[in-house]
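Engineer: Structure supplied as coords-v2.txt; contents: compact mmCIF, C-alpha atoms.
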# COMPACT_ATOMS: atom_id res chain seq x y z
CA MET A 16 -22.82 -23.10 -95.08
CA ALA A 17 -20.08 -21.88 -92.79
CA PHE A 18 -21.69 -19.92 -89.98
CA LEU A 19 -19.31 -18.87 -87.21
CA SER A 20 -19.67 -16.89 -84.02
CA VAL A 21 -16.90 -15.41 -81.90
CA LYS A 22 -17.25 -13.96 -78.42
CA ASN A 23 -14.99 -11.59 -76.50
CA THR A 24 -13.46 -9.64 -79.36
CA LYS A 25 -13.77 -5.89 -79.54
CA ILE A 26 -12.81 -3.64 -82.43
CA THR A 27 -11.10 -0.70 -80.73
CA GLY A 28 -9.95 1.35 -83.70
CA ILE A 29 -9.73 1.65 -87.48
CA ALA A 30 -7.34 3.73 -89.59
CA ALA A 31 -6.79 4.07 -93.32
CA CYS A 32 -3.98 5.43 -95.47
CA VAL A 33 -3.90 6.37 -99.16
CA SER A 34 -1.34 7.91 -101.44
CA LYS A 35 -1.69 11.65 -101.95
CA PHE A 36 -1.54 11.14 -105.73
CA ILE A 37 -5.02 11.57 -107.19
CA ILE A 38 -6.03 10.25 -110.59
CA GLU A 39 -9.08 11.96 -112.07
CA ASN A 40 -11.09 9.74 -114.41
CA LYS A 41 -12.25 12.82 -116.31
CA GLN A 42 -8.68 13.22 -117.50
CA SER A 43 -8.41 9.61 -118.68
CA PRO A 44 -7.56 9.13 -122.36
CA LEU A 45 -9.73 5.97 -122.28
CA PHE A 46 -12.94 8.01 -122.57
CA ASP A 47 -14.51 10.68 -124.74
CA THR A 48 -17.01 13.09 -123.12
CA GLU A 49 -20.02 10.87 -123.74
CA SER A 50 -18.46 7.61 -122.60
CA LEU A 51 -16.95 9.35 -119.56
CA THR A 52 -20.40 10.47 -118.37
CA ALA A 53 -21.77 6.95 -118.91
CA PHE A 54 -18.79 5.46 -117.07
CA ILE A 55 -19.09 7.77 -114.06
CA ASN A 56 -22.88 7.42 -113.84
CA GLY A 57 -22.60 3.65 -114.04
CA THR A 58 -19.60 2.94 -111.86
CA GLY A 59 -19.74 5.93 -109.54
CA VAL A 60 -15.95 6.26 -109.65
CA GLU A 61 -14.81 9.84 -110.28
CA ARG A 62 -11.28 9.64 -108.96
CA LYS A 63 -8.94 7.42 -107.03
CA ARG A 64 -5.56 7.34 -105.33
CA LYS A 65 -2.57 5.67 -106.91
CA ALA A 66 0.47 4.62 -104.92
CA PRO A 67 3.73 5.52 -106.69
CA ALA A 68 6.09 2.75 -107.82
CA ASP A 69 8.10 2.84 -104.59
CA THR A 70 5.06 2.62 -102.27
CA CYS A 71 3.75 -0.84 -101.43
CA THR A 72 0.57 -1.93 -99.67
CA SER A 73 2.70 -2.59 -96.59
CA ASP A 74 3.80 1.08 -96.54
CA LEU A 75 0.19 2.27 -96.55
CA CYS A 76 -0.80 -0.25 -93.88
CA ILE A 77 2.20 0.61 -91.68
CA ALA A 78 1.38 4.35 -91.80
CA ALA A 79 -2.22 3.53 -90.80
CA ALA A 80 -1.05 1.17 -88.04
CA GLU A 81 1.48 3.64 -86.58
CA GLN A 82 -1.18 6.34 -86.25
CA LEU A 83 -3.68 3.92 -84.76
CA ILE A 84 -1.19 2.55 -82.21
CA LYS A 85 -0.34 6.13 -81.20
CA ASP A 86 -3.96 7.24 -80.86
CA LEU A 87 -4.90 4.11 -78.90
CA GLN A 88 -1.81 4.59 -76.71
CA TRP A 89 -0.95 0.94 -77.18
CA ASN A 90 2.45 -0.41 -76.21
CA LYS A 91 3.88 -2.16 -79.25
CA GLU A 92 5.20 -5.05 -77.13
CA ASP A 93 1.57 -5.84 -76.18
CA ILE A 94 0.59 -6.65 -79.77
CA ASP A 95 0.40 -10.45 -79.97
CA ILE A 96 -1.06 -10.99 -83.43
CA LEU A 97 -0.43 -9.38 -86.83
CA ILE A 98 -2.40 -10.50 -89.86
CA PHE A 99 -1.75 -8.95 -93.28
CA VAL A 100 -4.48 -9.52 -95.86
CA SER A 101 -3.42 -8.56 -99.38
CA GLN A 102 -2.79 -9.77 -102.91
CA THR A 103 -0.03 -7.24 -103.43
CA PRO A 104 2.69 -8.35 -101.00
CA ASP A 105 6.21 -6.86 -100.89
CA TYR A 106 7.84 -10.08 -102.11
CA VAL A 107 6.86 -13.51 -103.42
CA LEU A 108 8.55 -14.63 -100.22
CA PRO A 109 8.96 -14.02 -97.30
CA ALA A 110 5.50 -13.23 -95.98
CA THR A 111 4.98 -9.48 -95.78
CA ALA A 112 3.63 -9.84 -92.22
CA CYS A 113 7.17 -10.79 -91.13
CA VAL A 114 8.63 -7.68 -92.78
CA ILE A 115 5.94 -5.55 -91.13
CA GLN A 116 6.58 -7.09 -87.68
CA GLU A 117 10.13 -5.76 -87.81
CA ARG A 118 9.26 -2.40 -89.37
CA LEU A 119 6.53 -1.72 -86.81
CA GLY A 120 8.91 -2.75 -84.03
CA LEU A 121 6.65 -5.48 -82.69
CA SER A 122 7.80 -8.19 -80.31
CA THR A 123 9.42 -11.37 -81.65
CA ASP A 124 6.71 -13.16 -79.66
CA CYS A 125 4.23 -11.86 -82.23
CA TYR A 126 2.13 -14.30 -84.27
CA ALA A 127 2.31 -13.01 -87.87
CA MET A 128 1.11 -14.28 -91.22
CA ASP A 129 -0.31 -13.25 -94.59
CA ILE A 130 -3.70 -14.13 -95.99
CA SER A 131 -4.12 -13.95 -99.77
CA LEU A 132 -7.65 -12.68 -100.37
CA GLY A 133 -9.08 -9.63 -102.11
CA CYS A 134 -12.56 -8.16 -101.86
CA SER A 135 -13.69 -10.57 -99.13
CA GLY A 136 -10.44 -10.05 -97.21
CA TRP A 137 -11.47 -7.73 -94.39
CA VAL A 138 -14.35 -10.01 -93.39
CA TYR A 139 -12.16 -13.13 -93.54
CA GLY A 140 -9.35 -11.34 -91.70
CA LEU A 141 -11.71 -10.24 -88.94
CA GLN A 142 -12.85 -13.82 -88.50
CA VAL A 143 -9.29 -15.17 -88.28
CA VAL A 144 -8.04 -12.49 -85.88
CA SER A 145 -11.03 -12.71 -83.55
CA SER A 146 -10.70 -16.50 -83.38
CA LEU A 147 -6.94 -16.25 -82.71
CA LEU A 148 -7.60 -13.86 -79.84
CA GLN A 149 -9.70 -16.61 -78.20
CA SER A 150 -6.77 -19.05 -78.40
CA LEU A 151 -4.22 -16.78 -76.73
CA ASP A 152 -3.41 -17.63 -73.13
CA LYS A 153 -3.97 -14.00 -72.10
CA LYS A 154 -6.18 -11.05 -72.91
CA GLY A 155 -4.34 -9.97 -76.01
CA LYS A 156 -4.24 -7.36 -78.73
CA ALA A 157 -4.15 -7.79 -82.49
CA LEU A 158 -3.63 -5.77 -85.64
CA LEU A 159 -5.45 -6.61 -88.86
CA LEU A 160 -3.75 -4.90 -91.80
CA VAL A 161 -5.77 -5.03 -95.00
CA GLY A 162 -5.30 -3.45 -98.40
CA ASP A 163 -3.95 -3.55 -101.92
CA THR A 164 -2.04 -1.44 -104.41
CA ILE A 165 -4.02 -3.12 -107.14
CA LEU A 166 -3.40 -0.36 -109.71
CA LYS A 167 0.13 -1.76 -110.05
CA PHE A 168 -1.56 -4.76 -111.69
CA CYS A 169 -3.89 -2.77 -113.96
CA SER A 170 -3.13 -1.96 -117.59
CA GLU A 171 -3.51 1.74 -118.33
CA THR A 172 -5.13 0.73 -121.61
CA ASP A 173 -7.82 -1.42 -119.98
CA LYS A 174 -11.01 0.51 -119.33
CA SER A 175 -12.50 -2.46 -117.48
CA THR A 176 -9.92 -2.22 -114.68
CA TYR A 177 -7.72 0.89 -114.64
CA PRO A 178 -10.44 3.55 -114.14
CA LEU A 179 -12.25 1.43 -111.54
CA PHE A 180 -9.57 0.47 -109.07
CA GLY A 181 -7.72 2.47 -106.43
CA ASP A 182 -4.98 1.82 -103.88
CA ALA A 183 -5.45 1.88 -100.10
CA GLY A 184 -4.12 0.33 -96.90
CA THR A 185 -5.95 0.01 -93.58
CA ALA A 186 -5.38 -1.06 -90.00
CA THR A 187 -8.00 -2.45 -87.64
CA ALA A 188 -7.18 -2.82 -83.93
CA LEU A 189 -8.79 -5.65 -81.98
CA GLU A 190 -8.67 -6.64 -78.33
CA TYR A 191 -9.86 -9.50 -76.18
CA ASN A 192 -12.72 -8.08 -74.13
CA GLU A 193 -15.37 -9.99 -72.21
CA ASN A 194 -17.80 -7.06 -72.09
CA THR A 195 -18.61 -6.96 -75.76
CA GLY A 196 -21.22 -8.41 -78.11
CA GLU A 197 -20.56 -11.46 -80.24
CA MET A 198 -19.46 -11.27 -83.85
CA TYR A 199 -21.34 -13.45 -86.31
CA PHE A 200 -20.03 -14.63 -89.65
CA ASP A 201 -21.33 -16.28 -92.81
CA MET A 202 -18.51 -17.38 -95.17
CA HIS A 203 -18.44 -18.89 -98.66
CA THR A 204 -16.18 -19.90 -101.55
CA ASP A 205 -16.83 -20.85 -105.17
CA GLY A 206 -13.58 -21.65 -106.95
CA SER A 207 -15.43 -22.48 -110.18
CA GLY A 208 -15.28 -18.73 -110.80
CA TYR A 209 -11.52 -18.42 -110.24
CA LYS A 210 -11.01 -17.04 -113.74
CA ALA A 211 -13.51 -14.17 -113.33
CA ILE A 212 -10.80 -12.00 -111.73
CA ILE A 213 -7.32 -13.29 -112.44
CA ILE A 214 -3.72 -12.49 -113.26
CA GLU A 215 -2.86 -15.40 -115.55
CA ASP A 216 0.94 -15.38 -115.48
CA GLY A 217 3.60 -14.78 -112.87
CA GLY A 218 2.52 -17.43 -110.38
CA PHE A 219 3.76 -20.99 -110.53
CA ARG A 220 0.99 -22.45 -112.72
CA LYS A 221 2.15 -20.15 -115.51
CA GLN A 222 5.57 -18.71 -114.77
CA VAL A 223 6.74 -15.52 -116.44
CA THR A 224 7.97 -16.00 -119.98
CA GLU A 225 8.61 -13.53 -122.75
CA SER A 226 5.06 -14.03 -124.03
CA SER A 227 3.69 -12.89 -120.66
CA PHE A 228 4.50 -9.33 -121.73
CA ALA A 229 2.63 -9.48 -125.06
CA MET A 230 -0.37 -7.16 -125.15
CA HIS A 231 -3.74 -8.74 -125.96
CA ASN A 232 -6.77 -6.96 -127.27
CA ARG A 233 -9.58 -8.46 -125.17
CA GLY A 234 -12.40 -6.21 -126.38
CA GLU A 235 -13.05 -2.58 -127.17
CA GLY A 236 -10.85 -0.44 -124.93
CA ILE A 237 -9.49 -3.49 -123.15
CA SER A 238 -5.84 -4.15 -123.86
CA SER A 239 -3.57 -5.81 -121.32
CA ASN A 240 -0.88 -8.45 -120.89
CA ASN A 241 -0.99 -11.69 -118.89
CA LEU A 242 0.85 -10.17 -115.95
CA GLN A 243 -2.00 -7.72 -115.51
CA LEU A 244 -5.39 -8.04 -113.93
CA SER A 245 -8.11 -9.43 -116.15
CA LEU A 246 -11.71 -8.99 -115.10
CA ASP A 247 -14.88 -10.51 -116.51
CA GLY A 248 -17.21 -7.70 -115.46
CA MET A 249 -20.37 -9.55 -116.46
CA ASP A 250 -19.51 -12.68 -114.46
CA VAL A 251 -18.52 -10.65 -111.42
CA PHE A 252 -21.71 -8.61 -111.65
CA SER A 253 -23.88 -11.70 -111.96
CA PHE A 254 -22.08 -13.22 -108.97
CA GLY A 255 -22.28 -10.07 -106.84
CA ILE A 256 -25.96 -9.29 -107.23
CA GLN A 257 -26.82 -12.87 -106.35
CA ARG A 258 -24.34 -13.86 -103.65
CA ALA A 259 -24.00 -10.67 -101.59
CA PRO A 260 -27.74 -10.34 -100.80
CA GLN A 261 -27.99 -14.12 -100.20
CA SER A 262 -25.17 -14.00 -97.67
CA VAL A 263 -26.51 -10.96 -95.80
CA ASN A 264 -29.95 -12.56 -95.63
CA ALA A 265 -28.48 -15.88 -94.45
CA LEU A 266 -26.53 -14.10 -91.69
CA ILE A 267 -29.63 -12.23 -90.50
CA GLU A 268 -31.79 -15.32 -90.60
CA HIS A 269 -29.36 -17.75 -89.01
CA PHE A 270 -28.41 -15.50 -86.10
CA GLN A 271 -31.90 -13.96 -85.83
CA LEU A 272 -30.62 -10.41 -86.18
CA ASP A 273 -32.88 -7.38 -86.25
CA LYS A 274 -32.37 -6.05 -89.77
CA GLU A 275 -34.23 -2.81 -89.13
CA GLY A 276 -32.15 -2.21 -86.00
CA MET A 277 -28.85 -2.10 -87.91
CA ASP A 278 -27.16 1.28 -88.09
CA TYR A 279 -25.03 0.55 -91.16
CA PHE A 280 -24.56 -2.00 -93.92
CA LEU A 281 -21.02 -1.84 -95.26
CA PHE A 282 -20.48 -3.47 -98.63
CA HIS A 283 -17.38 -4.08 -100.62
CA GLN A 284 -17.67 -1.59 -103.47
CA ALA A 285 -16.91 -2.68 -107.01
CA ASN A 286 -19.11 -0.30 -108.94
CA LEU A 287 -22.14 1.79 -108.06
CA PHE A 288 -24.51 0.04 -110.46
CA MET A 289 -23.84 -3.34 -108.84
CA ASN A 290 -23.84 -1.96 -105.30
CA GLU A 291 -27.16 -0.22 -105.79
CA LYS A 292 -28.68 -3.42 -107.20
CA ILE A 293 -27.51 -5.22 -104.07
CA ARG A 294 -28.84 -2.50 -101.76
CA LYS A 295 -32.25 -2.42 -103.47
CA LYS A 296 -32.51 -6.20 -103.48
CA LEU A 297 -32.00 -6.16 -99.71
CA GLN A 298 -34.39 -3.21 -99.36
CA ILE A 299 -32.00 -1.17 -97.27
CA PRO A 300 -32.45 2.64 -97.25
CA PRO A 301 -29.55 4.51 -98.91
CA GLU A 302 -28.61 6.43 -95.74
CA LYS A 303 -27.61 3.14 -94.11
CA VAL A 304 -25.24 2.17 -96.94
CA PRO A 305 -22.23 4.51 -97.12
CA TYR A 306 -19.89 4.39 -100.12
CA SER A 307 -16.32 5.60 -100.62
CA LEU A 308 -16.37 4.64 -104.29
CA LYS A 309 -16.69 8.14 -105.73
CA ASP A 310 -13.32 9.40 -104.46
CA PHE A 311 -11.36 6.16 -104.00
CA GLY A 312 -12.74 3.61 -106.48
CA ASN A 313 -12.69 -0.13 -105.84
CA THR A 314 -9.88 -0.50 -103.31
CA SER A 315 -10.12 -4.30 -103.13
CA SER A 316 -10.04 -5.62 -99.53
CA ALA A 317 -9.75 -2.05 -98.17
CA THR A 318 -13.18 -0.80 -99.30
CA ILE A 319 -15.04 -1.67 -96.09
CA PRO A 320 -12.58 -0.20 -93.53
CA LEU A 321 -11.79 2.75 -95.87
CA THR A 322 -15.52 3.53 -96.08
CA MET A 323 -15.77 3.41 -92.29
CA VAL A 324 -12.90 5.88 -91.91
CA THR A 325 -13.90 8.30 -94.66
CA GLN A 326 -17.71 8.20 -94.34
CA LEU A 327 -18.50 7.23 -90.73
CA GLN A 328 -15.63 8.66 -88.68
CA LYS A 329 -17.78 10.82 -86.34
CA ASP A 330 -20.46 8.17 -85.80
CA LEU A 331 -17.86 5.51 -85.05
CA GLN A 332 -16.09 7.81 -82.57
CA SER A 333 -19.18 9.02 -80.76
CA ARG A 334 -21.76 6.23 -80.43
CA HIS A 335 -22.56 2.56 -80.25
CA LEU A 336 -23.24 1.06 -83.69
CA LYS A 337 -24.63 -2.21 -84.97
CA ASN A 338 -23.18 -3.07 -88.36
CA ILE A 339 -23.28 -5.71 -91.05
CA ALA A 340 -20.41 -5.84 -93.53
CA CYS A 341 -20.24 -7.97 -96.67
CA GLY A 342 -17.17 -8.57 -98.85
CA PHE A 343 -17.38 -10.39 -102.20
CA GLY A 344 -15.15 -10.91 -105.20
CA VAL A 345 -11.92 -12.50 -106.39
CA GLY A 346 -11.73 -16.20 -105.65
CA LEU A 347 -14.64 -16.26 -105.90
CA SER A 348 -14.86 -15.66 -102.18
CA TRP A 349 -17.48 -13.90 -100.11
CA GLY A 350 -18.67 -13.46 -96.56
CA SER A 351 -20.72 -11.32 -94.21
CA VAL A 352 -20.17 -10.28 -90.62
CA TYR A 353 -22.30 -8.72 -87.91
CA PHE A 354 -20.27 -6.66 -85.46
CA GLU A 355 -20.80 -3.85 -83.00
CA THR A 356 -18.59 -0.86 -82.38
CA ASP A 357 -18.72 1.43 -79.37
CA CYS A 358 -16.99 4.83 -79.56
CA ILE A 359 -13.87 3.50 -81.28
CA THR A 360 -10.68 5.34 -82.24
CA VAL A 361 -10.71 6.52 -85.86
CA PRO A 362 -7.84 8.81 -86.92
CA ASP A 363 -8.37 11.15 -89.88
CA LEU A 364 -7.55 9.58 -93.25
CA ILE A 365 -3.77 9.49 -93.60
CA GLU A 366 -2.12 10.60 -96.86
CA ILE A 367 1.47 9.79 -97.69
CA MET B 7 -40.96 -14.70 -125.59
CA GLU B 8 -43.11 -11.54 -125.89
CA ALA B 9 -42.68 -10.78 -122.19
CA PHE B 10 -38.93 -11.37 -122.42
CA ILE B 11 -38.61 -8.92 -125.32
CA LYS B 12 -40.54 -6.34 -123.28
CA HIS B 13 -38.26 -6.82 -120.28
CA PHE B 14 -35.23 -6.66 -122.56
CA ALA B 15 -36.44 -3.44 -124.23
CA ALA B 16 -37.15 -1.85 -120.84
CA GLN B 17 -33.40 -1.74 -120.13
CA PHE B 18 -32.88 0.72 -122.98
CA ASP B 19 -33.57 4.46 -122.78
CA ASP B 20 -33.06 5.76 -126.31
CA THR B 21 -33.90 2.84 -128.60
CA GLU B 22 -37.46 2.68 -130.03
CA VAL B 23 -39.50 -0.21 -128.58
CA GLY B 24 -40.44 -1.20 -132.16
CA GLU B 25 -36.81 -2.08 -132.85
CA PHE B 26 -36.90 -5.05 -130.49
CA THR B 27 -37.94 -8.37 -132.00
CA ALA B 28 -36.87 -11.97 -131.44
CA THR B 29 -34.35 -11.69 -134.27
CA THR B 30 -32.83 -8.34 -133.25
CA VAL B 31 -29.03 -8.59 -133.16
CA PHE B 32 -28.81 -6.65 -129.92
CA LYS B 33 -25.08 -5.97 -129.94
CA ASP B 34 -25.58 -4.00 -133.18
CA LEU B 35 -27.95 -1.56 -131.47
CA GLU B 36 -26.29 1.82 -131.09
CA GLU B 37 -27.25 2.06 -127.42
CA TRP B 38 -25.76 -1.34 -126.52
CA SER B 39 -22.93 -1.00 -123.99
CA SER B 40 -21.16 -2.96 -121.28
CA LEU B 41 -23.43 -1.30 -118.73
CA LEU B 42 -26.53 -2.40 -120.66
CA ALA B 43 -25.18 -5.92 -120.59
CA LEU B 44 -25.17 -5.66 -116.80
CA SER B 45 -28.77 -4.36 -116.87
CA VAL B 46 -29.81 -7.40 -118.90
CA ILE B 47 -28.06 -9.72 -116.41
CA ALA B 48 -29.88 -7.95 -113.57
CA MET B 49 -33.19 -8.24 -115.43
CA ALA B 50 -32.76 -12.01 -115.84
CA ASP B 51 -31.98 -12.25 -112.12
CA GLU B 52 -34.93 -10.11 -111.02
CA GLU B 53 -37.61 -11.29 -113.44
CA TYR B 54 -36.63 -14.93 -113.94
CA GLY B 55 -34.35 -15.78 -111.01
CA VAL B 56 -31.73 -16.84 -113.55
CA LYS B 57 -27.99 -16.21 -113.42
CA ILE B 58 -26.64 -15.30 -116.88
CA LYS B 59 -22.87 -15.41 -117.27
CA GLY B 60 -20.60 -13.22 -119.37
CA GLU B 61 -20.12 -16.17 -121.70
CA ASP B 62 -23.89 -16.41 -122.33
CA ILE B 63 -24.04 -12.77 -123.44
CA ARG B 64 -20.90 -13.16 -125.57
CA ASN B 65 -22.30 -16.25 -127.31
CA ALA B 66 -25.78 -14.82 -127.96
CA LYS B 67 -26.50 -12.91 -131.17
CA THR B 68 -30.25 -12.29 -131.08
CA ILE B 69 -32.72 -11.60 -128.29
CA GLU B 70 -34.15 -15.05 -128.96
CA ASP B 71 -30.72 -16.63 -128.29
CA LEU B 72 -30.70 -14.96 -124.89
CA TYR B 73 -34.30 -15.97 -124.24
CA ASN B 74 -33.31 -19.57 -124.87
CA VAL B 75 -30.46 -19.30 -122.37
CA VAL B 76 -32.83 -17.94 -119.72
CA LYS B 77 -35.42 -20.61 -120.50
CA SER B 78 -32.86 -23.41 -120.26
CA LYS B 79 -31.68 -22.20 -116.85
CA GLN B 80 -35.15 -21.80 -115.33
Is it possible to express this structure as structure tokens?

Structural biologist:
Amino acid sequence: MAFLSVKNTKITGIAACVSKFIIENKQSPLFDTESLTAFINGTGVERKRKAPADTCTSDLCIAAAEQLIKDLQWNKEDIDILIFVSQTPDYVLPATACVIQERLGLSTDCYAMDISLGCSGWVYGLQVVSSLLQSLDKKGKALLLVGDTILKFCSETDKSTYPLFGDAGTATALEYNENTGEMYFDMHTDGSGYKAIIIEDGGFRKQVTESSFAMHNRGEGISSNNLQLSLDGMDVFSFGIQRAPQSVNALIEHFQLDKEGMDYFLFHQANLFMNEKIRKKLQIPPEKVPYSLKDFGNTSSATIPLTMVTQLQKDLQSRHLKNIACGFGVGLSWGSVYFETDCITVPDLIEI
Amino acid sequence: MEAFIKHFAAQFDDTEVGEFTATTVFKDLEEWSSLLALSVIAMADEEYGVKIKGEDIRNAKTIEDLYNVVKSKQ
């Protein structure tokens, strides 16, 4: 088991940005009245935001970052590290982090790279950034940009993906700071489940051919092509209800954390039914587990920071909080983190 | 087997308990849905500590088939 601890890293702010275009599931042609009620009761997703064709994840993340930099009164030349976590980059190459470095006007001394992870991405990104801050030869600053425009990959005729997912981009600001609590991590990977959430074609294992565009009927109400996201809901569910609670418990046990003393438990949100199973298994009261699922859907790696911005803004701004976050999904990849926040900067949700 | 059928039936709201037997072809039940499939997976996890995969549900026809999967993984 990969347990990690990092000292001297402080989260100083979190911002999130979504498109202003709202898609209401109640207007979806995929459901009749009865199946719509069952879908919303089960998944908890009523509506979500969809980025238009000309808006990429980077655009959402840049808008979030610009606001955060302004509110924190950071000088852009002081930002030493930029990590972009996404599975919806601008280009196959170059790395989107390089494009963002220029667009944000950051220094050419900036360390920048992409990480390709989904639902576990914010937790992994936090681990990488906080470790990098320890390696800098000065007390530095870093930006962790995390998000996806995953709806671009979803078939509108696939009820197992299209109504569930939403687009969002986030920015988390981190600083080297010796007067802050440690962060603790528990990280895992199980590549045997790589097919549970996959886009079959368009990479280099299976390059795009004419047949990539052929629509396949994969079950009732599930029609998509091989360039679109395919999700085995049952496998992901089985994985989630087992691995997420295991990881949170392992983190608490290994680092001897006071579970009752936590203010919030922030989970990646895939659907309400699964998330509630996870919460109940861990015996956490509902008021400690905020969700953004109802209005934003499953926003991939952005769910945890988006939930913090939309559900906990006042608490994050006004008091010291002890939190555990757990991301789990595509890969399969999962991890948990314990971190504290103390009156951090949280701009209102940005809409573009 | 009896206990498993009871646990299986408990996931359903509208289907009569009498309809559940070892040979019930559960996917033919009117109430069967993708969400019920998830409930059955959760039941196997909670009651038997067993991880059922999507493939297991897809390959099973009767409740007994599923019982055998759970038994083999215990």

Engineer: Just how far from CA of Ala317 in chain A is CA of Ser131 in chain A, in Å to one decimal?

Structural biologist: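 We find that CA of Ser131 in chain A and CA of Ala317 in chain A lie 13.3 Å from each other.
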
Engineer: Got a sec: who's within 10 Å of Glu61 in chain B, counting all atoms listed in the file, leaving out chain neighbours fewer than 6 positions off, as a compact mmCIF listing (two decimals) with C-alpha atoms, keeping the file's coordinate frame?

Structural biologist:
# COMPACT_ATOMS: atom_id res chain seq x y z
CA ASP A 247 -14.88 -10.51 -116.51
CA MET A 249 -20.37 -9.55 -116.46
CA ASP A 250 -19.51 -12.68 -114.46

Engineer: Pick out the chain B residues within 8 Å of chain A. Count all atoms listed in the file. Give them as a PyMOL selection string.

Structural biologist: chain B and resi 41+43-44+47-48+51+57-60

Engineer: How about saving the chosen residues, C-alpha atoms kept, as a PDB file, in the coordinates of the input?

Structural biologist:
ATOM      1  CA  LEU B  41     -23.430  -1.300-118.730  1.00  0.00           C
ATOM      2  CA  ALA B  43     -25.180  -5.920-120.590  1.00  0.00           C
ATOM      3  CA  LEU B  44     -25.170  -5.660-116.800  1.00  0.00           C
ATOM      4  CA  ILE B  47     -28.060  -9.720-116.410  1.00  0.00           C
ATOM      5  CA  ALA B  48     -29.880  -7.950-113.570  1.00  0.00           C
ATOM      6  CA  ASP B  51     -31.980 -12.250-112.120  1.00  0.00           C
ATOM      7  CA  LYS B  57     -27.990 -16.210-113.420  1.00  0.00           C
ATOM      8  CA  ILE B  58     -26.640 -15.300-116.880  1.00  0.00           C
ATOM      9  CA  LYS B  59     -22.870 -15.410-117.270  1.00  0.00           C
ATOM     10  CA  GLY B  60     -20.600 -13.220-119.370  1.00  0.00           C
TER      11      GLY B  60
END

Engineer: Grab all the atoms of range 207-222 of chain A that the file lists, wrap them in a box along x, y and z, add 6 Å per side, and give me centre plus edge lengths in Å (one decimal) as JSON.

Structural biologist:
{"center_x": -4.9, "center_y": -17.2, "center_z": -112.9, "size_x": 33.0, "size_y": 22.5, "size_z": 17.4}

Engineer: Can you measure CA of Gln328 in chain A to CA of Pro362 in chain A for me? One decimal in Å is fine.

Structural biologist: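 Taking CA of Gln328 in chain A and CA of Pro362 in chain A, their separation equals 8.0 Å.
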
Engineer: Which residue is closest to Thr68 in chain B? Choose from B:Phe18, B:His13, B:Thr27, B:Met7 and count all atoms listed in the file.

Structural biologist: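 Among B:Phe18, B:His13, B:Thr27, B:Met7, it is B:Thr27 that comes nearest to Thr68 in chain B.
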
Engineer: For Arg64 in chain B, which of B:Ala9, B:Glu25, B:Ser40, B:Ala16 is the closest residue, counting all atoms listed in the file?

Structural biologist: B:Ser40

Engineer: What would the list of residues within 8 Å of (-16.5, -9.1, -96.7) (file frame) look like as a list in words, if only C-alpha atoms are what count?

Structural biologist: Cys134, Ser135, Gly136, Trp137, Val138, Tyr139, Phe282, His283, Ser316, Ile319, Ala340, Cys341, Gly342, Phe343, Trp349, Gly350, Ser351 and Val352 of chain A

Engineer: In terms of the shortest atom-to-atom distance over only C-alpha atoms, which of A:Ala30, A:Leu179, A:Val263, A:Leu159 is closest to Asn286 in chain A?

Structural biologist: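 For Asn286 in chain A, the nearest of the candidates is A:Leu179.
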
Engineer: I'd like to know which of B:Val23, B:Ile11, B:Tyr54, B:Gln17 is closest to Trp38 in chain B, using all atoms listed in the file.

Structural biologist: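 For Trp38 in chain B, the nearest of the given residues is B:Gln17.
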
Engineer: Env of Gly120 in chain A: 9 Å cut, atoms = only C-alpha atoms, seq-sep filter 5 positions within chain, self excluded. Answer as a ChimeraX atom specification.

Structural biologist: /A:91-92,115

Engineer: When you count all atoms listed in the file, which of these residues is closest to Glu52 in chain B: B:Glu70, B:Asp19, B:Val76, B:Gly24?

Structural biologist: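 Closest to Glu52 in chain B of all the choices is B:Val76.
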
Engineer: Report the distance between CA of Glu275 in chain A and CA of Ala259 in chain A in Å, rounded to one decimal place.

Structural biologist: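 Pair CA of Glu275 in chain A / CA of Ala259 in chain A returns 17.9 Å.
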